[in-house]
$ cat data13.txt   # compact mmCIF, C-alpha atoms
# COMPACT_ATOMS: atom_id res chain seq x y z
CA MET A 246 21.85 -0.97 18.62
CA THR A 247 21.28 -4.37 17.00
CA GLU A 248 20.12 -4.26 13.37
CA TYR A 249 17.62 -7.10 13.02
CA GLY A 250 16.46 -8.69 9.78
CA ASP A 251 13.00 -8.28 8.29
CA GLY A 252 11.57 -11.45 9.78
CA THR A 253 12.70 -10.54 13.29
CA ARG A 254 11.47 -6.96 12.97
CA THR A 255 8.01 -7.92 11.75
CA VAL A 256 7.54 -10.52 14.47
CA HIS A 257 8.46 -8.09 17.26
CA ALA A 258 7.25 -4.74 15.85
CA GLY A 259 5.00 -2.77 18.16
CA LEU A 260 4.76 -5.36 20.93
CA PRO A 261 4.61 -4.06 24.50
CA PRO A 262 7.28 -5.05 27.04
CA ALA A 263 7.05 -8.63 28.26
CA VAL A 264 5.05 -9.01 31.47
CA PRO A 265 4.68 -12.44 33.11
CA GLY A 266 1.18 -13.72 32.65
CA GLU A 267 0.33 -11.33 29.80
CA PRO A 268 -0.01 -12.26 26.10
CA PHE A 269 2.53 -11.27 23.46
CA LEU A 270 -0.06 -9.08 21.71
CA PRO A 271 -2.84 -7.81 24.00
CA GLY A 272 -6.38 -8.38 22.80
CA PRO A 273 -8.33 -5.54 21.17
CA VAL A 274 -9.67 -2.77 23.40
CA PHE A 275 -13.33 -2.13 22.62
CA ALA A 276 -14.28 1.20 24.13
CA ALA A 277 -15.98 4.44 23.18
CA PRO A 278 -15.71 6.26 26.53
CA TYR A 279 -13.11 5.55 29.22
CA HIS A 280 -13.18 6.32 32.91
CA LEU A 281 -11.87 9.84 33.46
CA ASP A 282 -10.14 11.24 36.49
CA PRO A 283 -12.83 13.30 38.25
CA ASP A 284 -10.46 16.20 38.72
CA ALA A 285 -7.81 16.10 35.96
CA GLY A 286 -10.11 14.68 33.28
CA PRO A 287 -8.41 13.42 30.07
CA ALA A 288 -5.06 14.93 31.10
CA ALA A 289 -4.54 12.07 33.56
CA SER A 290 -4.50 9.29 30.93
CA PRO A 291 -3.73 8.77 27.23
CA ASN A 292 -7.26 7.41 26.89
CA GLY A 293 -10.09 9.87 27.04
CA TYR A 294 -12.43 8.97 24.19
CA GLY A 295 -12.39 6.18 21.61
CA ARG A 296 -12.15 8.27 18.45
CA PRO A 297 -8.73 9.85 19.12
CA ASP A 298 -7.57 7.30 21.72
CA ASN A 299 -7.24 3.55 21.49
CA ARG A 300 -4.43 1.37 22.82
CA THR A 301 -4.87 -1.31 20.17
CA ARG A 302 -4.56 1.24 17.37
CA ARG A 303 -1.50 2.82 18.98
CA LEU A 304 0.27 -0.55 19.13
CA LEU A 305 -0.42 -1.10 15.44
CA GLU A 306 0.83 2.39 14.60
CA SER A 307 3.98 1.73 16.58
CA ALA A 308 4.54 -1.52 14.67
CA ILE A 309 4.08 0.01 11.20
CA GLY A 310 6.15 3.00 12.28
CA GLU A 311 9.07 0.73 13.14
CA LEU A 312 8.92 -0.73 9.64
CA GLU A 313 8.40 2.57 7.78
CA GLY A 314 10.95 4.46 9.88
CA GLY A 315 8.70 7.23 11.19
CA PRO A 316 5.60 7.98 13.26
CA VAL A 317 2.40 6.53 11.79
CA LEU A 318 -1.30 7.35 11.86
CA ALA A 319 -3.73 4.56 10.96
CA PHE A 320 -6.85 5.29 8.93
CA ALA A 321 -10.01 3.39 8.07
CA SER A 322 -8.77 2.60 4.53
CA GLY A 323 -6.05 3.46 2.07
CA GLN A 324 -8.39 5.91 0.36
CA ALA A 325 -9.03 7.60 3.71
CA ALA A 326 -5.27 7.93 4.18
CA VAL A 327 -4.50 9.43 0.77
CA THR A 328 -7.45 11.83 0.84
CA ALA A 329 -6.42 12.92 4.35
CA VAL A 330 -3.00 13.85 2.98
CA LEU A 331 -4.45 15.67 -0.02
CA LEU A 332 -7.03 17.63 1.97
CA THR A 333 -4.63 18.42 4.79
CA VAL A 334 -1.78 19.69 2.63
CA LEU A 335 -3.61 21.33 -0.27
CA ARG A 336 -5.50 24.63 -0.33
CA PRO A 337 -7.48 26.47 -3.06
CA GLY A 338 -5.07 27.69 -5.70
CA ASP A 339 -2.48 24.97 -5.03
CA THR A 340 -1.14 22.57 -7.66
CA VAL A 341 -0.64 18.87 -7.06
CA VAL A 342 1.18 16.43 -9.33
CA LEU A 343 -0.39 12.96 -9.36
CA PRO A 344 0.50 9.72 -11.18
CA ALA A 345 -1.39 9.37 -14.45
CA ASP A 346 -1.09 5.60 -14.14
CA GLY A 347 -1.74 5.28 -10.40
CA TYR A 348 -4.79 4.19 -8.45
CA TYR A 349 -7.87 5.28 -10.38
CA SER A 350 -9.83 6.45 -7.31
CA VAL A 351 -7.17 9.06 -6.54
CA ARG A 352 -7.46 10.45 -10.07
CA GLY A 353 -11.22 10.53 -9.69
CA PHE A 354 -10.94 12.36 -6.36
CA ALA A 355 -8.63 14.93 -7.97
CA THR A 356 -10.91 15.65 -10.91
CA SER A 357 -14.01 15.93 -8.72
CA THR A 358 -13.48 17.00 -5.11
CA LEU A 359 -10.08 18.69 -5.48
CA ALA A 360 -11.15 20.50 -8.65
CA GLU A 361 -14.29 21.76 -6.90
CA LEU A 362 -12.07 23.10 -4.09
CA GLY A 363 -9.92 25.01 -6.56
CA VAL A 364 -6.92 22.68 -6.52
CA ARG A 365 -5.22 22.14 -9.87
CA ALA A 366 -4.13 18.58 -10.63
CA VAL A 367 -1.35 17.75 -13.08
CA PHE A 368 -1.00 14.11 -14.12
CA ALA A 369 2.38 12.58 -14.98
CA PRO A 370 3.34 9.01 -15.91
CA THR A 371 5.27 7.20 -13.19
CA ALA A 372 8.07 6.33 -15.63
CA GLY A 373 8.19 9.94 -16.85
CA PRO A 374 8.50 12.46 -18.27
CA HIS A 375 7.95 14.32 -15.02
CA PRO A 376 6.92 17.98 -15.16
CA ASP A 377 8.65 21.07 -13.83
CA TYR A 378 7.73 21.29 -10.15
CA THR A 379 7.93 25.08 -9.94
CA GLY A 380 4.83 26.36 -8.13
CA VAL A 381 3.74 22.85 -7.09
CA ARG A 382 2.63 22.31 -3.49
CA LEU A 383 2.60 18.48 -3.42
CA VAL A 384 3.99 15.68 -5.57
CA LEU A 385 2.36 12.28 -5.06
CA LEU A 386 4.30 9.32 -6.43
CA GLU A 387 3.07 5.73 -6.64
CA THR A 388 5.89 3.27 -7.17
CA PRO A 389 5.51 0.55 -8.30
CA ALA A 390 2.44 2.01 -9.97
CA ASN A 391 -0.86 0.17 -9.80
CA PRO A 392 -1.63 -1.57 -12.12
CA GLY A 393 1.05 -0.96 -14.76
CA LEU A 394 4.02 -1.60 -12.41
CA ASP A 395 6.22 1.24 -13.65
CA VAL A 396 8.76 2.54 -11.13
CA CYS A 397 10.24 5.99 -10.52
CA ASP A 398 13.37 7.13 -8.70
CA ILE A 399 12.04 8.45 -5.40
CA ALA A 400 15.28 10.06 -4.24
CA ALA A 401 15.89 11.92 -7.51
CA LEU A 402 12.33 13.22 -7.75
CA ALA A 403 12.28 14.17 -4.06
CA ASP A 404 15.40 16.26 -4.61
CA ARG A 405 13.78 18.00 -7.58
CA ALA A 406 10.54 18.61 -5.71
CA HIS A 407 12.21 19.95 -2.58
CA ALA A 408 14.37 22.30 -4.67
CA ALA A 409 11.12 23.73 -6.05
CA GLY A 410 9.56 24.00 -2.58
CA ALA A 411 7.15 21.08 -2.96
CA LEU A 412 6.33 18.30 -0.53
CA VAL A 413 6.61 14.66 -1.63
CA ALA A 414 4.28 11.82 -0.70
CA VAL A 415 4.79 8.24 -1.86
CA ASP A 416 2.10 5.59 -2.13
CA ASN A 417 3.98 2.57 -0.78
CA THR A 418 1.10 0.10 -1.07
CA ALA A 419 2.58 -2.29 -3.63
CA ALA A 420 6.10 -2.30 -2.20
CA THR A 421 5.26 -2.33 1.55
CA PRO A 422 7.84 -0.97 4.00
CA LEU A 423 9.84 -4.19 3.63
CA GLY A 424 10.19 -3.48 -0.10
CA GLN A 425 11.20 0.16 0.20
CA ARG A 426 11.22 2.96 2.79
CA PRO A 427 10.22 6.21 1.08
CA LEU A 428 11.09 8.36 4.12
CA ASP A 429 14.69 7.13 3.90
CA LEU A 430 14.71 8.10 0.22
CA GLY A 431 13.68 11.70 0.90
CA ALA A 432 9.88 11.59 0.87
CA ASP A 433 8.03 13.75 3.37
CA LEU A 434 5.17 11.28 3.66
CA SER A 435 4.75 7.57 3.03
CA LEU A 436 1.19 6.31 2.75
CA ALA A 437 -0.42 3.03 1.87
CA SER A 438 -3.44 0.83 1.81
CA GLY A 439 -2.78 -1.71 4.54
CA THR A 440 -5.67 -3.69 3.07
CA LYS A 441 -3.26 -5.20 0.56
CA ALA A 442 0.04 -7.01 1.17
CA LEU A 443 0.79 -5.37 4.51
CA THR A 444 -1.96 -7.34 6.27
CA GLY A 445 -2.34 -9.83 3.45
CA HIS A 446 -5.32 -11.95 4.47
CA SER A 447 -8.13 -10.19 2.55
CA ASP A 448 -10.17 -9.71 5.72
CA LEU A 449 -9.93 -6.02 6.62
CA LEU A 450 -9.67 -2.45 5.31
CA LEU A 451 -6.84 -0.26 6.57
CA GLY A 452 -4.75 2.73 5.58
CA TYR A 453 -1.88 4.63 7.13
CA VAL A 454 0.38 7.65 6.73
CA ALA A 455 3.97 7.86 8.00
CA THR A 456 5.94 11.10 8.35
CA ARG A 457 8.92 12.41 10.25
CA ALA A 458 7.69 16.01 10.00
CA PRO A 459 6.06 17.03 13.33
CA SER A 460 3.94 19.72 11.67
CA LEU A 461 2.51 17.28 9.12
CA LEU A 462 1.85 14.69 11.82
CA GLU A 463 0.06 17.27 13.93
CA SER A 464 -2.11 18.42 11.02
CA LEU A 465 -2.98 14.88 10.00
CA THR A 466 -3.81 13.93 13.59
CA ALA A 467 -6.17 16.90 13.87
CA TRP A 468 -7.75 15.95 10.55
CA ARG A 469 -8.31 12.34 11.60
CA ASN A 470 -9.71 13.32 14.99
CA THR A 471 -12.11 15.77 13.35
CA THR A 472 -13.27 13.54 10.51
CA GLY A 473 -13.27 10.31 12.52
CA SER A 474 -11.69 8.21 9.76
CA ILE A 475 -10.24 5.64 12.15
CA PRO A 476 -9.97 1.85 11.88
CA GLY A 477 -11.93 -0.16 14.42
CA ALA A 478 -10.13 -1.83 17.30
CA PHE A 479 -10.64 -5.35 15.99
CA ASP A 480 -9.36 -4.43 12.52
CA ALA A 481 -6.31 -2.82 14.13
CA TRP A 482 -5.68 -5.97 16.16
CA LEU A 483 -6.11 -8.23 13.12
CA ALA A 484 -3.70 -6.03 11.16
CA HIS A 485 -1.05 -6.19 13.88
CA ARG A 486 -1.40 -9.96 14.16
CA SER A 487 -1.04 -10.27 10.37
CA LEU A 488 2.21 -8.28 10.35
CA PHE A 489 3.96 -11.18 12.09
CA THR A 490 4.05 -13.17 8.82
CA LEU A 491 4.72 -10.25 6.44
CA ASP A 492 8.30 -11.23 5.69
CA LEU A 493 7.34 -14.86 4.99
CA ARG A 494 4.36 -13.91 2.83
CA LEU A 495 6.27 -11.41 0.72
CA ALA A 496 9.11 -13.85 0.14
CA ARG A 497 6.75 -16.57 -1.15
CA GLN A 498 4.71 -14.12 -3.25
CA SER A 499 7.82 -12.73 -4.92
CA ALA A 500 9.21 -16.20 -5.59
CA ASN A 501 5.87 -17.27 -7.05
CA ALA A 502 5.81 -14.18 -9.27
CA ALA A 503 9.27 -15.02 -10.61
CA ALA A 504 8.11 -18.55 -11.48
CA VAL A 505 4.87 -17.35 -13.08
CA VAL A 506 6.70 -14.70 -15.12
CA GLU A 507 9.13 -17.27 -16.45
CA ALA A 508 6.23 -19.44 -17.59
CA LEU A 509 4.31 -16.51 -19.13
CA ALA A 510 7.39 -15.23 -20.96
CA ALA A 511 7.62 -18.51 -22.84
CA ARG A 512 4.12 -18.17 -24.28
CA SER A 513 3.34 -16.46 -27.59
CA ASP A 514 -0.30 -15.91 -26.60
CA VAL A 515 0.63 -13.62 -23.68
CA THR A 516 1.84 -10.08 -24.40
CA GLY A 517 2.74 -6.97 -22.44
CA LEU A 518 4.32 -8.91 -19.60
CA ARG A 519 5.35 -6.66 -16.68
CA TRP A 520 7.17 -7.45 -13.45
CA PRO A 521 9.93 -5.17 -12.15
CA GLY A 522 11.92 -8.18 -10.96
CA ARG A 523 12.43 -9.38 -14.54
CA PRO A 524 15.81 -8.23 -15.90
CA THR A 525 14.25 -7.20 -19.24
CA ASP A 526 11.43 -5.20 -17.62
CA PRO A 527 11.59 -1.42 -18.28
CA ALA A 528 11.39 -0.77 -14.52
CA HIS A 529 14.05 -3.27 -13.50
CA ALA A 530 17.05 -0.93 -13.39
CA VAL A 531 15.44 1.58 -11.01
CA ALA A 532 13.64 -1.10 -9.00
CA SER A 533 16.82 -3.09 -8.42
CA ARG A 534 18.57 0.02 -7.04
CA GLN A 535 15.70 1.35 -4.98
CA MET A 536 13.78 -1.65 -3.72
CA ARG A 537 14.80 -4.31 -1.25
CA ARG A 538 12.33 -6.84 -2.67
CA ILE A 539 9.88 -6.98 -5.57
CA PRO A 540 6.16 -7.52 -4.89
CA GLY A 541 4.29 -10.53 -6.20
CA ILE A 542 2.19 -8.55 -8.68
CA VAL A 543 2.39 -9.38 -12.39
CA GLY A 544 0.77 -7.63 -15.34
CA PHE A 545 0.07 -9.13 -18.77
CA ASP A 546 -2.35 -8.91 -21.72
CA LEU A 547 -4.51 -11.74 -22.98
CA GLY A 548 -5.82 -9.77 -25.96
CA SER A 549 -9.49 -9.42 -25.07
CA ALA A 550 -11.93 -9.18 -22.20
CA GLU A 551 -13.52 -12.42 -23.33
CA ARG A 552 -10.28 -14.36 -23.07
CA VAL A 553 -9.62 -12.97 -19.61
CA ALA A 554 -13.04 -14.24 -18.53
CA ARG A 555 -12.33 -17.67 -19.99
CA PHE A 556 -8.92 -17.79 -18.29
CA LEU A 557 -10.35 -16.95 -14.87
CA ALA A 558 -13.21 -19.41 -15.27
CA ALA A 559 -10.77 -22.19 -16.23
CA SER A 560 -8.40 -21.66 -13.31
CA ASP A 561 -8.75 -23.60 -10.07
CA LEU A 562 -6.25 -21.53 -8.06
CA VAL A 563 -6.62 -17.98 -9.39
CA ALA A 564 -9.59 -16.22 -7.82
CA ALA A 565 -11.39 -13.56 -9.82
CA ALA A 566 -11.17 -10.64 -7.41
CA THR A 567 -9.89 -7.11 -7.14
CA SER A 568 -7.24 -6.00 -4.62
CA PHE A 569 -3.82 -7.62 -4.34
CA GLY A 570 -1.22 -8.87 -1.88
CA GLY A 571 -3.33 -11.60 -0.30
CA VAL A 572 -2.34 -15.15 0.56
CA HIS A 573 -4.62 -16.47 -2.22
CA THR A 574 -3.63 -15.79 -5.82
CA SER A 575 -6.13 -13.50 -7.52
CA ALA A 576 -6.51 -11.62 -10.77
CA ASP A 577 -8.78 -9.08 -12.38
CA ARG A 578 -9.20 -7.22 -15.65
CA ARG A 579 -8.28 -3.64 -14.85
CA GLU A 580 -10.18 -1.81 -17.59
CA GLN A 581 -13.48 -2.70 -15.93
CA TRP A 582 -12.53 -0.56 -12.91
CA GLY A 583 -11.58 2.56 -14.84
CA ASP A 584 -7.85 2.07 -15.35
CA ASP A 585 -6.46 3.25 -18.68
CA THR A 586 -5.42 -0.20 -19.82
CA ALA A 587 -6.13 -2.46 -22.77
CA PRO A 588 -9.34 -4.53 -22.52
CA GLY A 589 -7.36 -7.74 -22.03
CA PHE A 590 -4.87 -6.44 -19.46
CA VAL A 591 -4.72 -8.59 -16.32
CA ARG A 592 -3.28 -7.73 -12.92
CA LEU A 593 -2.35 -11.01 -11.26
CA SER A 594 -1.42 -11.04 -7.58
CA CYS A 595 0.52 -14.13 -6.57
CA GLY A 596 -0.42 -15.69 -3.27
CA ILE A 597 1.51 -18.17 -1.17
CA GLU A 598 0.53 -21.41 -2.91
CA ASP A 599 3.28 -23.80 -4.03
CA ALA A 600 4.93 -22.33 -7.12
CA ALA A 601 4.75 -25.56 -9.12
CA ASP A 602 1.00 -25.86 -8.48
CA LEU A 603 0.40 -22.24 -9.38
CA VAL A 604 2.38 -22.38 -12.62
CA ALA A 605 0.68 -25.61 -13.67
CA ASP A 606 -2.77 -24.19 -12.96
CA ILE A 607 -2.14 -20.93 -14.81
CA THR A 608 -0.63 -22.78 -17.76
CA THR A 609 -3.63 -25.11 -18.00
CA ALA A 610 -6.10 -22.24 -17.69
CA LEU A 611 -4.35 -20.29 -20.44
CA ASP A 612 -4.38 -23.34 -22.70
CA LYS A 613 -8.12 -23.80 -22.11
CA SER A 614 -8.86 -20.14 -22.71
$ encode --input "data13.txt" --output "structure tokens"
Amino acid sequence: MTEYGDGTRTVHAGLPPAVPGEPFLPGPVFAAPYHLDPDAGPAASPNGYGRPDNRTRRLLESAIGELEGGPVLAFASGQAAVTAVLLTVLRPGDTVVLPADGYYSVRGFATSTLAELGVRAVFAPTAGPHPDYTGVRLVLLETPANPGLDVCDIAALADRAHAAGALVAVDNTAATPLGQRPLDLGADLSLASGTKALTGHSDLLLGYVATRAPSLLESLTAWRNTTGSIPGAFDAWLAHRSLFTLDLRLARQSANAAAVVEALAARSDVTGLRWPGRPTDPAHAVASRQMRRIPGIVGFDLGSAERVARFLAASDLVAAATSFGGVHTSADRREQWGDDTAPGFVRLSCGIEDAADLVADITTALDKS
């Protein structure tokens, strides 16, 4: 079987067989009910009702599955995907290990909903130390972590967790399946917010879970069908269309990040610079072994919330916005959202602008701030 490169795989992922007169990617199917066979009912067709069945969503799932290396279920958002995993796998009395420096909404869900259900949450830094996994039901890793960009060794931690009888899920949002494939590294589940770099155009919400374990896939499918946390047909179609340029977008974003980091490293008024692609970054050694490419996300500290505001106001190319992985460069001050960061810590997500323009704009904005 031919092993294609990333660009070829993303362009062709999930497309149906070529039929003369038909488009490459069929348009979205908008349907709640479908015609049923009067006798056999839903058994006669894969489409019975719009909540569990939609051709457009299945094509998207097939495409992401080809990239992640396992069957995929799409969800309405990344948060819907991660909470589906947590509520499907965990039961009262279970223990889950979560990243202390990961997405703040997951920590909030653990200390509210999971705690109320009798699930014990243990928080561990992505870079370690990691706790003893004895008695743990699920270990959730987020690597690179959002927003601090620390990285952990998925394969080593998966071995430890499995030896203790725990399942391993990896939040692959920042890396995308072109950056790393957690299932290949031993994870039981790979999940992500497709809202970010995967679709990359800041115009939809999407989440997904990938797993090679039939029992987990069956449980998650039942959960999604029961709760109805599905993406709409048009969002699924937009997401699939956006995948075609994933390889190109990631390449430009990573190159832009490298250029921005070089410029920031030369400044005495910028501290706490983080990017796993930088040889001196604490995460570089593990990232360079584990990841196939480094995302275009950069972290740094401008010293105060006021200076961050002045920097964003002075920039012409950096949009003040949360989220990351889009084609437009954006940045936000993470403390305002609940992350445990310094008041002046900035998460900057490089877009696909020309690197020289981006560096010049950021440099000017920093000087003015």
$ closest_residue --input "data13.txt" --among "A:Asp492, A:Asp346, A:Asp339, A:Glu551" --to "Val381 (chain A)" --atoms "only C-alpha atoms"
A:Asp339
$ closest_residue --input "data13.txt" --among "A:Leu547, A:Ile475, A:Val604, A:Ala325" --to "Val505 (chain A)" --atoms "all atoms listed in the file"
A:Val604
$ residues_near_point --input "data13.txt" --point "(8.6, 9.5, 13.4)" --cutoff "10 Å" --atoms "all atoms listed in the file" --output "MDAnalysis selection string"
chainID A and resid 307 310:311 313:317 428 455:459 462
$ closest_residue --input "data13.txt" --among "A:Leu443, A:Ala558, A:Leu461, A:Leu509" --to "Val330 (chain A)" --atoms "only C-alpha atoms"
A:Leu461
$ closest_residue --input "data13.txt" --among "A:Ser575, A:Thr516, A:Thr418, A:Thr388" --to "Leu603 (chain A)" --atoms "all atoms listed in the file"
A:Ser575
$ axis_aligned_box --input "data13.txt" --around "region 355-370 of chain A" --padding-each-side "3 Å" --output "JSON"
{"center_x": -5.5, "center_y": 17.0, "center_z": -10.0, "size_x": 23.6, "size_y": 22.0, "size_z": 17.8}
$ atom_distance --input "data13.txt" --atom1 "CA of Arg352 (chain A)" --atom2 "CA of His573 (chain A)"
28.2 Å
$ closest_residue --input "data13.txt" --among "A:Thr608, A:Ala442, A:Leu385, A:Thr525" --to "Ala508 (chain A)" --atoms "all atoms listed in the file"
A:Thr608
$ decode --input "data13.txt" --residues "region 449-465 of chain A" --atoms "N, CA and C atoms" --output "PDB file, in the first residue's frame"
ATOM      1  N   LEU A 449     -16.293  27.698  12.828  1.00  0.00           N
ATOM      2  CA  LEU A 449     -17.164  26.618  13.282  1.00  0.00           C
ATOM      3  C   LEU A 449     -16.655  26.048  14.596  1.00  0.00           C
ATOM      4  N   LEU A 450     -17.555  25.332  15.296  1.00  0.00           N
ATOM      5  CA  LEU A 450     -17.210  24.583  16.502  1.00  0.00           C
ATOM      6  C   LEU A 450     -17.288  23.100  16.176  1.00  0.00           C
ATOM      7  N   LEU A 451     -16.302  22.333  16.658  1.00  0.00           N
ATOM      8  CA  LEU A 451     -16.259  20.912  16.347  1.00  0.00           C
ATOM      9  C   LEU A 451     -15.380  20.201  17.362  1.00  0.00           C
ATOM     10  N   GLY A 452     -15.729  18.972  17.672  1.00  0.00           N
ATOM     11  CA  GLY A 452     -14.878  18.116  18.480  1.00  0.00           C
ATOM     12  C   GLY A 452     -14.908  16.712  17.928  1.00  0.00           C
ATOM     13  N   TYR A 453     -13.949  15.893  18.349  1.00  0.00           N
ATOM     14  CA  TYR A 453     -13.973  14.500  17.911  1.00  0.00           C
ATOM     15  C   TYR A 453     -13.216  13.626  18.898  1.00  0.00           C
ATOM     16  N   VAL A 454     -13.512  12.333  18.849  1.00  0.00           N
ATOM     17  CA  VAL A 454     -12.790  11.328  19.617  1.00  0.00           C
ATOM     18  C   VAL A 454     -12.424  10.204  18.662  1.00  0.00           C
ATOM     19  N   ALA A 455     -11.178   9.745  18.724  1.00  0.00           N
ATOM     20  CA  ALA A 455     -10.713   8.607  17.933  1.00  0.00           C
ATOM     21  C   ALA A 455     -10.303   7.490  18.878  1.00  0.00           C
ATOM     22  N   THR A 456     -10.644   6.260  18.541  1.00  0.00           N
ATOM     23  CA  THR A 456     -10.222   5.104  19.334  1.00  0.00           C
ATOM     24  C   THR A 456     -10.224   3.854  18.469  1.00  0.00           C
ATOM     25  N   ARG A 457      -9.305   2.949  18.788  1.00  0.00           N
ATOM     26  CA  ARG A 457      -9.266   1.663  18.101  1.00  0.00           C
ATOM     27  C   ARG A 457      -9.943   0.565  18.924  1.00  0.00           C
ATOM     28  N   ALA A 458     -10.444   0.937  20.100  1.00  0.00           N
ATOM     29  CA  ALA A 458     -11.079  -0.043  20.981  1.00  0.00           C
ATOM     30  C   ALA A 458     -12.571  -0.131  20.653  1.00  0.00           C
ATOM     31  N   PRO A 459     -13.057  -1.247  20.119  1.00  0.00           N
ATOM     32  CA  PRO A 459     -14.474  -1.357  19.750  1.00  0.00           C
ATOM     33  C   PRO A 459     -15.416  -1.085  20.910  1.00  0.00           C
ATOM     34  N   SER A 460     -15.073  -1.501  22.114  1.00  0.00           N
ATOM     35  CA  SER A 460     -15.967  -1.299  23.246  1.00  0.00           C
ATOM     36  C   SER A 460     -16.093   0.182  23.590  1.00  0.00           C
ATOM     37  N   LEU A 461     -14.977   0.914  23.523  1.00  0.00           N
ATOM     38  CA  LEU A 461     -15.038   2.352  23.788  1.00  0.00           C
ATOM     39  C   LEU A 461     -15.824   3.071  22.695  1.00  0.00           C
ATOM     40  N   LEU A 462     -15.603   2.678  21.445  1.00  0.00           N
ATOM     41  CA  LEU A 462     -16.333   3.296  20.340  1.00  0.00           C
ATOM     42  C   LEU A 462     -17.826   3.052  20.484  1.00  0.00           C
ATOM     43  N   GLU A 463     -18.195   1.850  20.872  1.00  0.00           N
ATOM     44  CA  GLU A 463     -19.612   1.528  21.043  1.00  0.00           C
ATOM     45  C   GLU A 463     -20.231   2.350  22.158  1.00  0.00           C
ATOM     46  N   SER A 464     -19.518   2.485  23.278  1.00  0.00           N
ATOM     47  CA  SER A 464     -20.041   3.260  24.404  1.00  0.00           C
ATOM     48  C   SER A 464     -20.177   4.733  24.057  1.00  0.00           C
ATOM     49  N   LEU A 465     -19.170   5.261  23.366  1.00  0.00           N
ATOM     50  CA  LEU A 465     -19.211   6.671  22.993  1.00  0.00           C
ATOM     51  C   LEU A 465     -20.303   6.943  21.962  1.00  0.00           C
TER      52      LEU A 465
END
